[in-house]
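Coordinates as given in final30.txt (compact mmCIF, C-alpha atoms):
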```txt
# COMPACT_ATOMS: atom_id res chain seq x y z
CA MET A 1 64.93 128.76 50.16
CA GLU A 2 68.18 130.73 50.00
CA ALA A 3 67.80 134.08 48.20
CA TYR A 4 71.24 135.34 47.18
CA LEU A 5 70.91 138.92 45.94
CA ASP A 6 74.43 140.29 46.39
CA ASN A 7 75.82 139.50 42.95
CA SER A 8 77.59 142.86 42.64
CA ALA A 9 79.85 141.68 45.46
CA THR A 10 80.45 138.27 43.89
CA THR A 11 78.58 135.77 41.77
CA PRO A 12 78.20 132.01 42.27
CA VAL A 13 80.74 130.11 40.18
CA CYS A 14 79.12 128.51 37.14
CA ALA A 15 79.39 124.78 36.44
CA GLU A 16 81.49 125.38 33.33
CA ALA A 17 84.14 127.24 35.34
CA VAL A 18 84.25 124.55 38.04
CA GLN A 19 84.68 121.82 35.44
CA ALA A 20 87.43 123.73 33.62
CA MET A 21 89.34 124.33 36.86
CA GLN A 22 89.09 120.70 37.92
CA GLN A 23 90.42 119.64 34.53
CA GLN A 24 93.31 122.09 34.81
CA LEU A 25 94.23 121.01 38.33
CA ASN A 26 94.23 117.35 37.36
CA HIS A 27 95.89 117.48 33.96
CA THR A 28 97.43 120.90 33.09
CA TRP A 29 98.93 122.02 36.38
CA GLY A 30 102.40 122.92 35.11
CA ASN A 31 104.09 126.32 35.17
CA PRO A 32 103.33 128.05 31.84
CA SER A 33 106.85 129.51 31.81
CA SER A 34 108.54 126.11 31.90
CA LEU A 35 109.97 124.81 28.63
CA HIS A 36 109.22 121.10 29.07
CA ARG A 37 106.07 119.35 27.87
CA VAL A 38 104.12 119.85 31.10
CA GLY A 39 104.89 123.57 31.02
CA LEU A 40 104.06 123.86 27.33
CA MET A 41 100.67 122.26 27.97
CA ALA A 42 99.98 124.86 30.64
CA GLU A 43 101.13 127.64 28.32
CA HIS A 44 98.77 126.39 25.63
CA LEU A 45 95.88 126.45 28.09
CA LEU A 46 96.85 129.97 29.18
CA ASN A 47 96.83 131.11 25.55
CA GLN A 48 93.42 129.52 25.03
CA SER A 49 92.10 131.31 28.10
CA ARG A 50 93.47 134.64 26.90
CA ALA A 51 91.75 134.14 23.55
CA ALA A 52 88.44 133.33 25.28
CA VAL A 53 88.51 136.49 27.42
CA ALA A 54 89.55 138.54 24.38
CA ALA A 55 86.62 137.12 22.42
CA GLY A 56 84.30 138.28 25.20
CA LEU A 57 85.64 141.81 24.70
CA SER A 58 85.88 141.63 20.87
CA CYS A 59 89.60 142.42 21.02
CA SER A 60 92.81 140.60 20.19
CA PRO A 61 94.40 138.19 22.71
CA GLY A 62 97.55 140.32 22.77
CA GLU A 63 95.52 143.17 24.28
CA ILE A 64 94.68 141.13 27.40
CA THR A 65 96.92 141.27 30.50
CA PHE A 66 95.82 138.94 33.29
CA THR A 67 95.83 140.22 36.87
CA SER A 68 94.63 138.96 40.24
CA GLY A 69 91.34 140.86 39.87
CA GLY A 70 89.72 144.23 39.26
CA THR A 71 91.59 146.08 42.01
CA GLU A 72 95.01 145.14 40.64
CA ALA A 73 93.93 145.92 37.07
CA ASN A 74 92.68 149.35 38.17
CA ASN A 75 95.93 150.03 40.02
CA LEU A 76 97.95 148.99 36.98
CA ALA A 77 95.90 151.32 34.77
CA VAL A 78 96.23 154.32 37.10
CA PHE A 79 99.82 154.02 38.30
CA GLY A 80 101.05 152.53 35.02
CA THR A 81 99.72 155.52 33.09
CA ALA A 82 100.81 158.12 35.64
CA THR A 83 104.38 156.83 35.56
CA ALA A 84 104.59 156.36 31.80
CA ARG A 85 103.14 159.79 30.97
CA ALA A 86 104.47 161.93 33.82
CA ARG A 87 106.53 164.06 31.42
CA GLN A 88 103.46 164.86 29.31
CA GLY A 89 101.32 166.19 32.14
CA ARG A 90 100.21 165.69 35.73
CA ARG A 91 96.42 165.94 35.54
CA ILE A 92 94.09 162.97 36.05
CA VAL A 93 90.32 163.23 35.71
CA THR A 94 87.99 160.82 37.48
CA SER A 95 84.67 160.96 39.34
CA SER A 96 83.64 161.19 42.99
CA VAL A 97 81.82 157.84 42.78
CA GLU A 98 84.53 155.47 41.55
CA HIS A 99 85.42 152.15 43.14
CA SER A 100 87.82 152.46 46.06
CA SER A 101 90.65 150.93 44.00
CA ILE A 102 90.47 154.00 41.74
CA ALA A 103 89.68 156.54 44.47
CA GLU A 104 92.53 155.46 46.72
CA SER A 105 95.01 155.13 43.85
CA CYS A 106 94.22 158.69 42.82
CA ALA A 107 94.54 159.89 46.41
CA GLU A 108 98.03 158.38 46.51
CA LEU A 109 98.93 160.18 43.28
CA VAL A 110 97.84 163.48 44.83
CA SER A 111 100.39 162.87 47.59
CA ARG A 112 103.00 162.42 44.84
CA GLY A 113 102.23 165.80 43.29
CA TYR A 114 99.66 164.90 40.65
CA ASP A 115 96.59 167.05 40.03
CA VAL A 116 93.48 164.88 40.35
CA VAL A 117 90.07 166.29 39.41
CA TYR A 118 87.14 164.47 41.04
CA LEU A 119 84.01 165.22 39.05
CA ASP A 120 80.74 165.65 40.92
CA VAL A 121 77.65 163.72 39.84
CA ASP A 122 74.01 164.69 39.50
CA HIS A 123 71.18 163.27 41.63
CA THR A 124 71.19 160.08 39.54
CA GLY A 125 74.89 159.44 40.14
CA ARG A 126 75.88 160.37 36.59
CA VAL A 127 78.78 162.61 35.62
CA ARG A 128 77.70 165.68 33.66
CA GLU A 129 79.25 165.68 30.21
CA GLU A 130 79.85 169.45 30.33
CA ASP A 131 81.85 168.99 33.55
CA LEU A 132 83.84 166.20 31.96
CA ALA A 133 84.65 168.35 28.94
CA ALA A 134 85.68 171.31 31.12
CA ALA A 135 87.99 169.20 33.31
CA ILE A 136 90.08 167.76 30.47
CA ASN A 137 92.90 170.07 29.40
CA SER A 138 96.20 169.77 27.53
CA GLU A 139 97.94 168.54 30.71
CA THR A 140 95.54 165.62 31.24
CA ILE A 141 97.26 162.24 30.98
CA LEU A 142 94.45 159.95 32.20
CA VAL A 143 90.67 159.98 32.33
CA SER A 144 89.24 157.10 34.38
CA LEU A 145 85.50 156.56 34.64
CA MET A 146 83.55 153.42 35.52
CA ALA A 147 81.03 152.06 33.01
CA VAL A 148 78.38 151.15 35.60
CA ASN A 149 78.36 152.34 39.19
CA ASN A 150 78.77 149.45 41.61
CA GLU A 151 76.30 150.78 44.19
CA VAL A 152 73.38 152.29 42.30
CA GLY A 153 73.80 150.98 38.74
CA THR A 154 74.12 154.34 36.99
CA VAL A 155 75.55 154.05 33.47
CA GLN A 156 78.26 156.63 32.80
CA PRO A 157 78.93 158.45 29.46
CA ILE A 158 82.10 156.52 28.57
CA ASP A 159 81.69 156.94 24.81
CA ALA A 160 81.87 160.74 25.15
CA ILE A 161 85.31 160.84 26.79
CA ARG A 162 87.42 160.29 23.67
CA ARG A 163 85.73 163.24 21.94
CA PHE A 164 86.57 165.57 24.81
CA VAL A 165 90.17 164.33 24.93
CA ARG A 166 90.57 165.16 21.24
CA GLN A 167 88.94 168.55 21.63
CA ALA A 168 91.39 169.44 24.42
CA GLY A 169 94.41 168.12 22.51
CA ALA A 170 95.26 166.09 25.60
CA PRO A 171 97.79 163.24 25.70
CA ALA A 172 95.35 161.36 27.92
CA LEU A 173 94.69 157.67 27.94
CA VAL A 174 91.07 156.71 28.61
CA HIS A 175 90.46 154.02 31.22
CA CYS A 176 87.15 152.37 32.00
CA ASP A 177 86.43 150.21 35.03
CA ALA A 178 83.94 147.82 33.40
CA VAL A 179 83.80 145.31 36.25
CA GLN A 180 80.05 145.76 36.81
CA ALA A 181 79.24 145.99 33.08
CA PHE A 182 81.17 143.05 31.63
CA GLY A 183 78.90 140.08 30.94
CA LYS A 184 75.81 142.27 31.30
CA LEU A 185 76.24 144.79 28.50
CA PRO A 186 78.07 144.38 25.18
CA ILE A 187 81.51 145.77 26.03
CA HIS A 188 83.68 146.57 23.00
CA PRO A 189 86.69 148.73 23.96
CA GLN A 190 87.29 149.98 20.40
CA GLN A 191 83.68 151.14 20.03
CA LEU A 192 83.83 152.83 23.44
CA GLY A 193 87.03 154.62 22.46
CA VAL A 194 88.99 153.50 25.51
CA ASP A 195 92.67 152.61 25.78
CA LEU A 196 92.45 150.62 29.01
CA LEU A 197 89.55 148.59 30.42
CA THR A 198 89.21 146.52 33.59
CA VAL A 199 87.22 143.28 33.99
CA SER A 200 86.99 140.75 36.81
CA SER A 201 86.32 137.02 36.93
CA HIS A 202 84.18 136.69 40.03
CA LYS A 203 81.61 139.19 38.77
CA VAL A 204 80.83 136.97 35.74
CA HIS A 205 80.41 133.61 37.51
CA GLY A 206 84.10 132.80 37.49
CA PRO A 207 86.39 132.25 40.50
CA LYS A 208 87.99 134.93 42.63
CA GLY A 209 91.65 135.68 42.04
CA ALA A 210 91.58 136.51 38.33
CA GLY A 211 90.92 139.63 36.32
CA ALA A 212 92.26 141.37 33.27
CA LEU A 213 93.28 144.75 31.95
CA TYR A 214 92.61 145.41 28.28
CA ILE A 215 95.46 147.51 26.89
CA ARG A 216 94.89 148.78 23.37
CA ASN A 217 97.54 147.76 20.85
CA GLY A 218 100.24 150.43 20.71
CA VAL A 219 99.54 151.83 24.19
CA LYS A 220 102.50 151.79 26.58
CA ILE A 221 102.13 151.87 30.35
CA SER A 222 104.65 151.13 33.10
CA PRO A 223 104.56 148.04 35.32
CA ILE A 224 103.85 148.40 39.03
CA LEU A 225 105.40 145.04 39.91
CA TYR A 226 108.81 143.68 38.94
CA GLY A 227 110.33 140.24 38.85
CA GLY A 228 109.65 138.26 35.70
CA SER A 229 108.70 138.25 32.04
CA GLN A 230 105.12 137.02 32.46
CA GLU A 231 102.30 139.04 30.91
CA ARG A 232 104.77 141.03 28.79
CA ARG A 233 106.49 142.14 32.03
CA LEU A 234 103.42 144.19 32.98
CA ARG A 235 102.31 141.66 35.57
CA PRO A 236 105.30 139.49 36.57
CA GLY A 237 104.85 136.37 38.63
CA THR A 238 103.60 132.88 37.80
CA GLU A 239 100.10 133.16 36.37
CA SER A 240 97.25 131.69 38.41
CA THR A 241 96.29 129.31 35.63
CA THR A 242 93.55 127.67 37.70
CA ALA A 243 91.70 130.94 38.30
CA ILE A 244 92.39 132.18 34.77
CA THR A 245 91.06 128.94 33.29
CA GLY A 246 87.86 129.31 35.32
CA PHE A 247 87.59 132.95 34.29
CA ALA A 248 87.87 132.06 30.62
CA ALA A 249 85.33 129.25 30.94
CA ALA A 250 82.86 131.59 32.63
CA VAL A 251 83.28 134.18 29.88
CA ALA A 252 82.78 131.53 27.20
CA ALA A 253 79.65 130.29 28.99
CA THR A 254 78.08 133.75 29.18
CA PRO A 255 74.87 133.63 27.11
CA ASP A 256 73.65 136.24 24.68
CA HIS A 257 73.54 139.62 26.44
CA THR A 258 70.03 140.37 25.19
CA GLN A 259 68.59 137.16 26.61
CA SER A 260 70.10 137.72 30.05
CA PHE A 261 69.30 141.44 30.04
CA ASN A 262 65.62 140.80 29.28
CA HIS A 263 65.39 138.18 32.04
CA VAL A 264 67.02 140.42 34.63
CA THR A 265 64.95 143.43 33.54
CA ALA A 266 61.78 141.44 34.15
CA LEU A 267 63.05 140.45 37.60
CA ARG A 268 63.97 144.06 38.40
CA ASP A 269 60.53 145.27 37.28
CA ARG A 270 58.88 142.73 39.58
CA LEU A 271 61.12 143.91 42.40
CA VAL A 272 60.41 147.60 41.81
CA ALA A 273 56.65 147.01 41.53
CA GLY A 274 56.72 145.26 44.90
CA LEU A 275 58.84 147.97 46.50
CA GLN A 276 56.51 150.70 45.26
CA ARG A 277 53.67 149.03 47.18
CA MET A 278 55.61 149.46 50.43
CA PRO A 279 55.20 152.92 52.04
CA GLY A 280 58.47 154.09 53.52
CA VAL A 281 60.75 152.41 50.96
CA PHE A 282 62.77 154.73 48.72
CA ILE A 283 64.51 153.64 45.51
CA ASN A 284 67.86 155.39 45.15
CA SER A 285 68.84 153.98 41.76
CA PRO A 286 67.73 156.01 38.72
CA PRO A 287 65.02 154.52 36.48
CA ASP A 288 67.55 153.94 33.68
CA ALA A 289 70.09 152.19 35.90
CA LEU A 290 71.47 148.84 34.82
CA PRO A 291 68.66 146.46 35.87
CA TYR A 292 71.10 144.12 37.58
CA LEU A 293 71.40 146.56 40.48
CA THR A 294 68.80 148.38 42.61
CA ASN A 295 69.69 150.49 45.64
CA ILE A 296 66.96 151.23 48.19
CA SER A 297 66.58 152.86 51.60
CA VAL A 298 64.18 152.33 54.48
CA PRO A 299 64.73 155.40 56.69
CA GLY A 300 64.56 154.47 60.36
CA LEU A 301 66.05 151.03 59.84
CA PRO A 302 69.88 151.07 59.74
CA SER A 303 71.47 148.97 57.02
CA GLU A 304 73.19 146.59 59.44
CA VAL A 305 69.96 145.90 61.33
CA MET A 306 68.12 145.15 58.11
CA ILE A 307 70.90 142.95 56.71
CA ASN A 308 70.95 140.88 59.91
CA PHE A 309 67.16 140.53 59.90
CA LEU A 310 67.11 139.46 56.24
CA THR A 311 70.05 137.07 56.68
CA GLU A 312 68.16 135.26 59.46
CA ARG A 313 65.49 134.61 56.82
CA ASN A 314 68.03 133.38 54.24
CA VAL A 315 67.84 136.56 52.16
CA HIS A 316 71.23 138.05 51.39
CA VAL A 317 71.81 141.66 50.28
CA SER A 318 74.45 144.26 51.14
CA SER A 319 74.62 147.85 52.31
CA GLY A 320 76.82 148.89 49.39
CA SER A 321 80.24 148.08 48.02
CA ALA A 322 81.74 145.00 49.69
CA CYS A 323 85.11 146.80 49.77
CA ALA A 324 83.64 149.57 51.97
CA LYS A 325 83.11 147.19 54.92
CA GLY A 326 79.96 148.99 56.10
CA ALA A 327 81.31 152.56 55.87
CA LYS A 328 78.92 155.31 54.77
CA SER A 329 78.49 155.27 51.01
CA ARG A 330 80.51 157.92 49.17
CA VAL A 331 78.24 157.34 46.18
CA LEU A 332 74.97 158.11 47.95
CA GLN A 333 76.54 161.11 49.65
CA ALA A 334 77.76 162.40 46.27
CA MET A 335 74.19 162.07 44.99
CA ASN A 336 73.16 164.42 47.85
CA LEU A 337 70.76 161.93 49.41
CA PRO A 338 69.59 162.61 52.97
CA ASP A 339 71.65 161.02 55.71
CA SER A 340 68.63 158.90 56.67
CA HIS A 341 68.80 157.32 53.20
CA VAL A 342 72.56 156.82 53.35
CA THR A 343 72.54 155.06 56.72
CA SER A 344 69.67 152.75 55.76
CA ALA A 345 70.75 151.85 52.22
CA LEU A 346 70.50 148.33 50.86
CA ARG A 347 72.01 147.15 47.58
CA ILE A 348 70.05 144.45 45.79
CA SER A 349 72.02 142.96 42.91
CA LEU A 350 70.86 140.28 40.51
CA SER A 351 72.49 137.91 38.05
CA ARG A 352 71.34 135.85 35.09
CA LEU A 353 70.93 132.96 37.54
CA THR A 354 68.56 134.85 39.86
CA LYS A 355 65.14 133.20 40.19
CA TRP A 356 61.67 134.71 40.50
CA GLU A 357 61.28 133.05 43.89
CA GLU A 358 64.28 134.95 45.22
CA ILE A 359 62.64 138.28 44.39
CA ASP A 360 59.45 137.22 46.13
CA ALA A 361 61.40 136.00 49.17
CA LEU A 362 63.10 139.40 49.45
CA LEU A 363 59.85 141.33 49.16
CA TYR A 364 58.19 139.15 51.79
CA ALA A 365 61.15 139.50 54.17
CA LEU A 366 61.33 143.28 53.66
CA ALA A 367 57.64 143.65 54.48
CA GLU A 368 58.13 141.51 57.58
CA ALA A 369 61.15 143.58 58.63
CA MET A 370 59.28 146.85 58.33
CA ALA A 371 56.26 145.51 60.18
CA THR A 372 58.44 144.11 62.97
CA LEU A 373 61.34 146.52 63.39
CA LEU A 374 59.62 149.88 62.82
CA ARG A 375 57.21 149.15 65.68
CA ARG A 376 59.98 148.75 68.24
```

Translate the structure described by the file into C-alpha cells.
Amino acid sequence: MEAYLDNSATTPVCAEAVQAMQQQLNHTWGNPSSLHRVGLMAEHLLNQSRAAVAAGLSCSPGEITFTSGGTEANNLAVFGTATARARQGRRIVTSSVEHSSIAESCAELVSRGYDVVYLDVDHTGRVREEDLAAAINSETILVSLMAVNNEVGTVQPIDAIRRFVRQAGAPALVHCDAVQAFGKLPIHPQQLGVDLLTVSSHKVHGPKGAGALYIRNGVKISPILYGGSQERRLRPGTESTTAITGFAAAVAATPDHTQSFNHVTALRDRLVAGLQRMPGVFINSPPDALPYLTNISVPGLPSEVMINFLTERNVHVSSGSACAKGAKSRVLQAMNLPDSHVTSALRISLSRLTKWEEIDALLYALAEAMATLLRR
C-alpha cells in the first residue's frame, strides 16, 4: 500500500473539491469581472466561494481577500502593513521559527531600514510570552506569529499578543500565519484578537494555487501588486476561480474539528507508542504539539538517506518544510537540538484521511531502515 504521511507539505484533494472544480470548468468558466451573463455567473460563484471560506473562519465574506496561496498572503500581510504604517513606526516583531515566506519578507524589510525583532524559542519551539511582551514597544507596527509550527507542530501563544500590544500602546497590527492550523483547530480571528490571518487551500484538501488573507473590517493595508480592481484592489488580476471554487468546496467539506482531531490524535498516539519501542529514535515535537505533526530524528541516518529508503517502500515523509528544499532546519536549530538530530530529522504529518495501516507501514519501514542502514 501507499502510505502518504507528508500532509503538512500538501494534502490529497478531496472529492468535493474535484467535483466543484469540474463543474466550474464546464459551466461557470467566465471572467468574474465581465458584465455579461457568463461573467455574472462566475462572479456569483466567486461570491459563494468567499462566503464558504468566511464561514470556515467565522468571519464576514468582506474580510476575505483571495490570493494564490499562503506565501502571497503572508507577503501581503507583511509588506502591506509595513508600507501602510511606516509613519507610525518601523519595528516588526516575529519569531525565529516562522515559515520562509515570513522570514524572508522580514529580511527584505531589514534591508529597507525596518527594525525586525526575531524572538527566540524554548526547547519545545514555543515563543516565551515574557519575551514577546518585552519586544513590543510603542514603535511596533506589526507582530507576526504562526499559529502552529510547520515542522514540529508547536502551538504558539497567539491569543496573548493583543494584550501585549495594548499594554505597550503600540499601533501594531497582529498577523497570524494559520496555514497549518486551519481545518485542524477552530480558528476564529476575532477570538484570537488578530487583524490579519493567512490560510491556504492545499493544506485543507483543496487544490494548489489558492489561499486567502483575512483582513479585519476597518483595517487598512497597502497592496503589493497593481493593475486592477479585483479583491478590493489588494490583489489585482483575474481571480483563479477554478482553484478558489475547489478551496471553498474543501472548506465546506471539512468535518467537525473534534471528530477529526480525535481520529488524528489516536493515530499519533499509535505512532508515538511504536516509535518509543525503537531504541535510537528521538521525538523532537513536544508532547502537546498539534497531533497532526510529529518530528523525529534517527541520529546516524541522514534525512535524505532515510527518505529514499522509505520512498522505495511506498512510505512518504519529508525532512522538514517543503519550501526549504532539504536545507538544515532553522526550527530545529532554534530549539537547540544537536546537529545529529537536525541532519537526521523526519517530519511525519497526518490528515483526517490518514489510515491506521499507513501508520503501521511507516513503523515497519522505519524498523527495517534502522536494521539495514545502521549496520552498514

Counting all atoms listed in the file, what is within 10 Å of range 240-249 of chain A, bar same-chain residues fewer than 5 positions away, as a VMD selection string?
-> chain A and resid 13 to 25 28 to 32 42 to 43 45 to 56 66 to 68 200 to 212 254

Tell me which of A:Leu267, A:Val110, A:Val121, A:Leu5 sits closest to Arg330 in chain A, counting only C-alpha atoms.
->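 Ranking A:Leu267, A:Val110, A:Val121, A:Leu5 by distance to Arg330 in chain A, first place goes to A:Val121.
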
Considering all atoms listed in the file, state which residue in the set A:Arg277, A:Arg313, A:Lys328, A:Arg232 is at the smallest distance from Glu63 in chain A.
->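 Selected residue with least distance to Glu63 in chain A: A:Arg232.
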
From the set A:Pro338, A:Pro171, A:Gly125, A:Gly39, which residue has the shortest atom-to-atom contact distance to Val219 in chain A, counting all atoms listed in the file?
->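 Among the listed residues, the smallest separation from Val219 in chain A belongs to A:Pro171.
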
By how many Å are CA of Arg166 in chain A and CA of Val127 in chain A apart?
->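 If I compute the distance from CA of Arg166 in chain A to CA of Val127 in chain A, I get 18.8 Å.
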
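The shell of residues at most 9 Å from Ala289 in chain A, with all atoms listed in the file counted and near chain neighbours (fewer than 2 positions) removed, consists of Thr124, Val148, Asn149, Val152, Gly153, Thr154, Val155, Ser285, Pro286, Pro287, Pro291, Tyr292, Leu293 and Thr294 of chain A.
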
Kindly give the distance, in Å, that separates CA of Ile141 in chain A and CA of Arg91 in chain A, rounded to a single decimal.
->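 For CA of Ile141 in chain A relative to CA of Arg91 in chain A, the distance reads 5.9 Å.
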
Six-sided padding of 6 Å per side, axis-aligned box over range 208-222 of chain A, centre and edges in Å, one decimal, as JSON:
```
{"center_x": 96.3, "center_y": 143.4, "center_z": 31.7, "size_x": 28.7, "size_y": 28.9, "size_z": 33.9}
```

Shell around Arg128 in chain A at 9 Å using only C-alpha atoms, local window under 6 positions removed, as an MDAnalysis selection string = chainID A and resid 119:122 157

Have a look at CA of Ser351 in chain A and CA of Asn7 in chain A and let me know their distance in Å, one decimal.
->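 Atom-to-atom, CA of Ser351 in chain A and CA of Asn7 in chain A are spaced 6.1 Å apart.
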
Hey, what's within 10 Å of Pro186 in chain A if we count only C-alpha atoms and toss same-chain stuff fewer than 4 positions away? As a PyMOL selection string, please?
-> chain A and resi 56-58+181-182+256-258
